[in-house]
>>> print(open('input_1.cif').read())   # mmCIF, C-alpha atoms
data_query
loop_
_atom_site.label_atom_id
_atom_site.label_comp_id
_atom_site.auth_asym_id
_atom_site.auth_seq_id
_atom_site.Cartn_x
_atom_site.Cartn_y
_atom_site.Cartn_z
CA MET A 1 0.00 0.00 0.00
CA THR A 2 1.06 3.54 -0.55
CA TRP A 3 2.25 5.76 2.28
CA LEU A 4 1.26 9.37 1.72
CA ALA A 5 2.43 10.53 5.15
CA ASP A 6 3.85 9.19 8.39
CA HIS A 7 1.07 7.35 10.10
CA PRO A 8 0.42 7.62 13.87
CA MET A 9 -0.75 3.99 13.96
CA ASN A 10 2.60 2.68 12.72
CA ASP A 11 3.40 0.90 15.94
CA PRO A 12 4.28 -2.82 15.95
CA ARG A 13 2.68 -3.20 19.39
CA LEU A 14 -0.68 -2.65 17.74
CA LEU A 15 -0.22 -5.85 15.73
CA GLU A 16 -0.03 -8.15 18.78
CA SER A 17 -3.77 -8.47 19.31
CA THR A 18 -4.29 -9.02 15.58
CA GLU A 19 -2.15 -12.15 15.79
CA THR A 20 -4.36 -13.43 18.59
CA GLU A 21 -7.39 -12.84 16.41
CA GLN A 22 -5.74 -14.91 13.69
CA GLU A 23 -5.27 -17.82 16.09
CA ASN A 24 -8.93 -17.67 17.06
CA ALA A 25 -9.87 -17.52 13.40
CA PHE A 26 -8.41 -21.00 12.81
CA ASP A 27 -11.37 -22.50 14.71
CA HIS A 28 -13.42 -21.84 11.58
CA PRO A 29 -13.27 -23.47 8.18
CA TRP A 30 -12.91 -20.49 5.78
CA LEU A 31 -10.78 -17.35 6.08
CA VAL A 32 -11.02 -14.03 4.23
CA VAL A 33 -7.48 -12.79 3.62
CA VAL A 34 -6.59 -9.31 2.36
CA HIS A 35 -3.25 -9.03 0.55
CA ASN A 36 -0.94 -6.07 0.21
CA ASP A 37 -0.65 -4.16 -3.04
CA PRO A 38 1.45 -1.06 -3.60
CA VAL A 39 -1.34 1.04 -5.12
CA ASN A 40 -4.27 1.15 -2.70
CA LEU A 41 -3.95 4.03 -0.25
CA MET A 42 -3.66 3.10 3.42
CA SER A 43 -6.44 5.52 4.35
CA TYR A 44 -8.65 3.95 1.67
CA VAL A 45 -8.03 0.38 2.87
CA ALA A 46 -8.83 1.34 6.49
CA MET A 47 -12.01 3.11 5.37
CA ILE A 48 -13.15 0.05 3.40
CA PHE A 49 -12.51 -2.23 6.40
CA ARG A 50 -14.70 0.03 8.52
CA ARG A 51 -17.45 0.01 5.93
CA VAL A 52 -17.44 -3.70 5.09
CA PHE A 53 -16.92 -5.12 8.58
CA GLY A 54 -18.36 -2.30 10.70
CA TRP A 55 -15.13 -2.03 12.68
CA ASN A 56 -14.07 0.98 14.67
CA ARG A 57 -11.16 3.09 13.40
CA GLU A 58 -8.52 1.49 15.63
CA ARG A 59 -9.35 -2.06 14.59
CA ALA A 60 -9.54 -1.13 10.90
CA GLU A 61 -6.15 0.61 11.04
CA ARG A 62 -4.59 -2.32 12.92
CA HIS A 63 -5.59 -4.73 10.15
CA MET A 64 -4.59 -2.25 7.45
CA LEU A 65 -1.13 -1.98 9.03
CA GLU A 66 -0.86 -5.74 9.25
CA VAL A 67 -1.57 -5.96 5.51
CA HIS A 68 1.06 -3.29 4.87
CA THR A 69 3.82 -4.68 7.10
CA LYS A 70 3.21 -8.44 6.86
CA GLY A 71 1.78 -8.62 3.34
CA ARG A 72 -1.59 -10.01 4.40
CA SER A 73 -4.16 -10.03 7.14
CA VAL A 74 -6.90 -12.49 8.05
CA VAL A 75 -9.89 -10.19 8.37
CA TRP A 76 -12.71 -12.67 8.90
CA SER A 77 -13.43 -16.38 9.41
CA GLY A 78 -16.57 -18.44 9.27
CA ALA A 79 -18.93 -20.11 6.82
CA ARG A 80 -18.01 -20.16 3.14
CA GLU A 81 -21.13 -18.37 1.86
CA GLN A 82 -20.64 -15.35 4.13
CA GLY A 83 -16.93 -15.30 3.27
CA GLU A 84 -17.76 -15.21 -0.44
CA LEU A 85 -19.98 -12.17 0.16
CA TYR A 86 -17.20 -10.39 2.02
CA VAL A 87 -14.65 -11.15 -0.72
CA GLN A 88 -17.10 -9.90 -3.33
CA GLN A 89 -17.57 -6.65 -1.38
CA LEU A 90 -13.81 -6.21 -0.99
CA HIS A 91 -13.28 -6.86 -4.71
CA GLY A 92 -16.03 -4.29 -5.35
CA HIS A 93 -13.72 -1.77 -3.67
CA LEU A 94 -10.74 -3.18 -5.62
CA LEU A 95 -8.88 -4.68 -2.65
CA LEU A 96 -6.94 -7.90 -3.21
CA ALA A 97 -8.88 -10.43 -1.13
CA THR A 98 -9.07 -14.21 -1.21
CA LEU A 99 -11.15 -16.87 0.48
CA VAL A 100 -9.07 -19.80 1.73
CA ARG A 101 -9.83 -22.93 3.69
CA SER A 102 -8.45 -22.85 7.20
CA PRO A 103 -5.41 -25.13 7.62
CA ARG A 104 -7.11 -26.92 10.53
CA MET B 1 -5.36 23.24 -7.10
CA TYR B 2 -7.48 23.90 -4.02
CA PHE B 3 -9.78 21.58 -2.14
CA GLU B 4 -12.56 22.60 0.26
CA ILE B 5 -16.07 21.68 1.29
CA SER B 6 -18.60 23.87 -0.52
CA LYS B 7 -21.48 25.76 1.11
CA LYS B 8 -23.71 22.88 0.00
CA GLY B 9 -21.48 20.45 1.92
CA ASN B 10 -19.94 18.92 -1.21
CA PRO B 11 -16.25 18.31 -2.00
CA LEU B 12 -15.11 21.19 -4.21
CA PHE B 13 -11.88 21.30 -6.25
CA SER B 14 -10.95 24.70 -7.71
CA LYS B 15 -8.12 26.33 -9.66
CA ILE B 16 -7.38 23.00 -11.31
CA HIS B 17 -4.56 23.29 -13.85
CA PRO B 18 -5.79 22.52 -17.40
CA LEU B 19 -3.40 19.55 -17.64
CA LEU B 20 -4.84 18.05 -14.43
CA ALA B 21 -8.40 18.80 -15.57
CA GLY B 22 -7.64 16.85 -18.73
CA MET B 23 -6.29 13.95 -16.67
CA LEU B 24 -9.40 13.98 -14.50
CA GLN B 25 -11.60 13.68 -17.58
CA THR B 26 -9.86 10.47 -18.60
CA VAL B 27 -11.46 8.56 -15.71
CA ALA B 28 -14.78 8.69 -17.60
CA VAL B 29 -13.26 6.28 -20.13
CA ASP B 30 -13.80 2.55 -19.64
CA PRO B 31 -10.53 1.22 -18.11
CA TRP B 32 -11.05 -2.09 -19.89
CA GLU B 33 -10.86 -0.23 -23.22
CA ARG B 34 -8.14 2.19 -22.14
CA PHE B 35 -5.86 -0.39 -20.52
CA PRO B 36 -6.33 -3.77 -22.23
CA ASP B 37 -3.41 -5.30 -20.29
CA GLY B 38 -3.65 -3.42 -16.99
CA SER B 39 -7.38 -3.97 -16.47
CA SER B 40 -6.90 -7.64 -15.49
CA ARG B 41 -6.03 -6.42 -11.96
CA LEU B 42 -9.59 -5.08 -11.58
CA LEU B 43 -11.13 -8.55 -11.36
CA PRO B 44 -8.72 -10.62 -9.24
CA SER B 45 -9.05 -14.30 -8.43
CA PRO B 46 -10.89 -15.13 -5.19
CA GLY B 47 -8.43 -17.90 -4.28
CA ASP B 48 -7.26 -21.36 -5.31
CA ASP B 49 -10.49 -23.32 -4.91
CA GLU B 50 -11.52 -24.44 -8.43
CA GLU B 51 -15.25 -24.44 -7.78
CA LEU B 52 -15.07 -20.98 -6.24
CA CYS B 53 -13.03 -19.62 -9.16
CA ALA B 54 -15.53 -21.04 -11.68
CA ASP B 55 -18.47 -19.47 -9.82
CA TRP B 56 -16.58 -16.22 -9.61
CA GLU B 57 -15.93 -16.08 -13.33
CA ASP B 58 -19.53 -17.00 -14.24
CA ILE B 59 -21.48 -14.97 -11.68
CA VAL B 60 -19.49 -12.56 -9.53
CA GLN B 61 -17.10 -10.98 -12.02
CA PRO B 62 -19.87 -9.92 -14.48
CA GLU B 63 -21.71 -8.38 -11.49
CA LEU B 64 -18.56 -6.54 -10.41
CA ARG B 65 -17.98 -5.33 -13.95
CA ARG B 66 -21.55 -3.91 -14.03
CA HIS B 67 -20.93 -2.30 -10.62
CA PHE B 68 -17.75 -0.61 -11.87
CA ASP B 69 -19.52 0.58 -15.04
CA LEU B 70 -22.35 2.06 -12.97
CA GLU B 71 -19.92 3.90 -10.66
CA ARG B 72 -18.02 5.22 -13.68
CA SER B 73 -21.25 6.52 -15.27
CA VAL B 74 -21.90 8.60 -12.10
CA VAL B 75 -18.38 10.05 -12.38
CA ALA B 76 -18.79 10.72 -16.11
CA GLU B 77 -22.00 12.64 -15.40
CA ASP B 78 -20.25 14.71 -12.71
CA LEU B 79 -17.40 15.48 -15.11
CA THR B 80 -19.82 17.18 -17.50
CA ARG B 81 -20.01 19.90 -14.80
CA LEU B 82 -16.25 20.52 -14.82
CA LYS B 83 -16.11 24.30 -15.33
CA SER B 84 -13.34 26.48 -16.70
CA GLY B 85 -12.61 29.67 -14.79
CA LYS B 86 -12.29 33.13 -16.30
CA GLY B 87 -10.63 36.44 -15.46
CA LYS B 88 -9.51 36.56 -11.84
CA ASN B 89 -10.42 32.89 -11.27
CA PRO B 90 -8.32 30.93 -13.75
CA GLY B 91 -8.23 27.16 -13.81
CA TRP B 92 -11.02 24.64 -13.72
CA SER B 93 -13.36 23.73 -10.88
CA LEU B 94 -15.47 20.72 -10.00
CA GLU B 95 -18.03 20.25 -7.24
CA ILE B 96 -18.88 16.62 -6.50
CA GLU B 97 -22.15 15.63 -4.86
CA SER B 98 -21.23 14.23 -1.45
CA THR B 99 -23.36 11.13 -2.22
CA HIS B 100 -21.13 10.43 -5.24
CA GLY B 101 -17.96 10.05 -3.16
CA ASN B 102 -17.91 6.26 -3.31
CA ALA B 103 -18.36 6.22 -7.08
CA TRP B 104 -15.39 8.56 -7.41
CA LEU B 105 -13.20 6.59 -5.02
CA THR B 106 -13.88 3.32 -6.85
CA THR B 107 -13.43 4.81 -10.32
CA LEU B 108 -10.22 6.65 -9.44
CA ASN B 109 -8.89 3.49 -7.81
CA ALA B 110 -9.70 1.39 -10.88
CA HIS B 111 -7.75 3.77 -13.09
CA ARG B 112 -4.79 3.93 -10.69
CA LEU B 113 -4.56 0.14 -10.47
CA ALA B 114 -4.89 -0.32 -14.23
CA LEU B 115 -2.32 2.43 -14.96
CA VAL B 116 0.23 0.85 -12.62
CA ASP B 117 -0.23 -2.56 -14.25
CA GLU B 118 -0.35 -1.23 -17.81
CA TYR B 119 2.91 0.73 -17.46
CA SER B 120 4.61 -1.69 -15.02
CA ILE B 121 5.13 1.12 -12.51
CA THR B 122 7.18 -0.15 -9.58
CA GLU B 123 6.53 0.18 -5.84
CA GLN B 124 9.71 2.26 -5.57
CA GLU B 125 8.50 4.67 -8.25
CA LEU B 126 5.19 5.03 -6.42
CA ALA B 127 6.99 5.82 -3.16
CA GLU B 128 9.40 8.36 -4.71
CA LYS B 129 8.30 11.96 -4.64
CA SER B 130 10.37 13.06 -7.62
CA GLU B 131 9.58 15.71 -10.22
CA PRO B 132 7.07 14.44 -12.79
CA ASP B 133 8.54 13.58 -16.18
CA PHE B 134 6.26 14.80 -18.96
CA SER B 135 8.57 13.71 -21.74
CA ASN B 136 7.10 10.26 -22.12
CA GLU B 137 3.81 8.38 -21.73
CA ARG B 138 5.03 6.41 -18.73
CA GLY B 139 5.96 9.59 -16.83
CA LEU B 140 2.52 11.00 -17.51
CA ALA B 141 0.97 7.73 -16.31
CA LEU B 142 2.87 7.95 -13.03
CA MET B 143 1.76 11.55 -12.62
CA GLN B 144 -1.86 10.49 -13.15
CA VAL B 145 -1.51 7.76 -10.52
CA ASN B 146 -0.20 10.29 -8.00
CA PHE B 147 -2.74 12.97 -8.91
CA PHE B 148 -5.65 10.55 -8.62
CA ALA B 149 -4.26 9.46 -5.22
CA PHE B 150 -4.36 13.09 -4.07
CA VAL B 151 -7.99 13.43 -5.20
CA GLN B 152 -8.81 10.18 -3.40
CA GLU B 153 -7.21 11.44 -0.18
CA CYS B 154 -9.29 14.64 -0.35
CA LEU B 155 -12.50 12.65 -0.86
CA ILE B 156 -11.66 10.25 1.98
CA ARG B 157 -11.11 13.20 4.33
CA ALA B 158 -14.40 14.73 3.21
CA GLN B 159 -16.21 11.45 3.90
CA ASP B 160 -14.52 11.17 7.31
CA GLU B 161 -15.88 14.62 8.16
CA ASP B 162 -19.34 13.62 6.90
CA ASP B 163 -19.23 10.54 9.12
CA GLY B 164 -18.06 12.67 12.04
CA GLY B 165 -15.62 9.88 12.88
CA GLN B 166 -18.55 7.67 13.85
CA LEU B 167 -18.36 5.26 10.91
CA GLY B 168 -18.22 1.68 12.13
CA GLU B 169 -17.57 2.56 15.75
CA SER B 170 -19.26 -0.62 16.91
CA ASP B 171 -17.32 -3.87 17.12
CA ASP B 172 -20.54 -5.91 16.92
CA ALA B 173 -19.93 -6.96 13.34
CA GLU B 174 -16.46 -8.40 14.00
CA GLY B 175 -15.39 -11.65 12.39
CA HIS B 176 -15.39 -14.73 14.55
#
>>> encode(input="input_1.cif", output="structure tokens")
Amino acid sequence: MTWLADHPMNDPRLLESTETEQENAFDHPWLVVVHNDPVNLMSYVAMIFRRVFGWNRERAERHMLEVHTKGRSVVWSGAREQGELYVQQLHGHLLLATLVRSPR
Amino acid sequence: MYFEISKKGNPLFSKIHPLLAGMLQTVAVDPWERFPDGSSRLLPSPGDDEELCADWEDIVQPELRRHFDLERSVVAEDLTRLKSGKGKNPGWSLEIESTHGNAWLTTLNAHRLALVDEYSITEQELAEKSEPDFSNERGLALMQVNFFAFVQECLIRAQDEDDGGQLGESDDAEGH
């Protein structure tokens, strides 16, 4: 993703709870994963996360930063049909998102 | 170029340089026609599952294509109101209905993504803040990508103000 300015949320400590969420997500069979791309603006990605998932600003920015720094972020887990709808919505906003089966 | 919120509460761009106004008008063109190679990025694969990919190609991608066309038609209509200034107010101006913000964000994003793919613009080039090179088509493409990003940032800020920072403040809809 593109950095237009130094971002106040650029703090690795903010990623710790996101990793915990990923571990919990493995209890479910399908995962929605958002992948990094160098074009989408960070502010845009965070705004789309808020819109699609109804997250607050902090949570949306945490996942956006995880995409930016780690290359991907698991943003949802659950039943396949709902996951397909989320991926379709994310593709509708031109984010790179995939639906993958959980490894366990 | 200046950006402000108009008295009607709409995003308003003024004193737009004619070159930038011309660039803005290009987003009314179908990116699939304008960027035959770069437009493949606009309909990415949903994953590795064969059944899912087949469904996507048959059902979802045509729907997404219609969605993008609809958003672009809203933008094209707005662009017919791009006005040229006279006398003491040179440059062009454009007021965008606040309800059209999403259509603009999607359409600008589609063109940025397709431009980057079409001209193989690198991540390093996107990050560099060097002087624009007008001497070749690729330099102009990079300038368009950066200019459209600026317009996107303005529209995102305007939407943030509209939402009063309340958008999605609930965590009720979290994933499992």
>>> resolve_selection(input="input_1.cif", expression="the PyMOL selection byres ((chain A) within 8 of (chain B))", output="PyMOL selection string")
chain A and resi 2-3+24-25+28+38-41+43-44+47+50-51+53-57+75-78+87-88+91-94+96-100
>>> residues_around(input="input_1.cif", residues="A:His35", least_positions_apart="6", cutoff="10 Å", atoms="all atoms listed in the file", output="JSON, numbers by chain")
{"A": [1, 64, 66, 67, 68, 70, 71, 72, 73, 74, 95, 96, 97, 98]}
>>> atom_distance(input="input_1.cif", atom1="atom CA of A:Leu85", atom2="atom CA of A:Val34")
13.9 Å
>>> closest_residue(input="input_1.cif", among="B:Met143, B:Lys15, B:Phe3, B:Asp69", to="B:Gly87", atoms="all atoms listed in the file")
B:Lys15
>>> atom_distance(input="input_1.cif", atom1="atom CA of B:Thr99", atom2="atom CA of B:Pro18")
25.9 Å
>>> atom_distance(input="input_1.cif", atom1="atom CA of B:Ala28", atom2="atom CA of B:Phe13")
17.2 Å
>>> residues_near_point(input="input_1.cif", point="(-11.3, 21.0, 1.4)", cutoff="10 Å", atoms="only C-alpha atoms", output="list in words")
Tyr2, Phe3, Glu4, Ile5, Ser6, Asn10, Pro11, Leu12, Phe13, Ser14, Cys154, Leu155, Arg157 and Ala158 of chain B
>>> resolve_selection(input="input_1.cif", expression="the PyMOL selection byres ((chain B and resi 76) around 12)", output="number ranges by chain")
B: 24-30, 69-75, 77-82, 96, 100, 103-104, 107-108
>>> closest_residue(input="input_1.cif", among="A:Leu90, A:Val33, A:Ala79, A:Arg101", to="A:His63", atoms="all atoms listed in the file")
A:Val33
>>> axis_aligned_box(input="input_1.cif", around="stretch 97-110 of chain B", padding_each_side="3 Å", output="JSON")
{"center_x": -16.1, "center_y": 8.5, "center_z": -6.2, "size_x": 20.5, "size_y": 20.2, "size_z": 15.4}
>>> closest_residue(input="input_1.cif", among="B:Gly85, B:Gly101, B:Arg138, B:Ser40", to="B:Val151", atoms="all atoms listed in the file")
B:Gly101
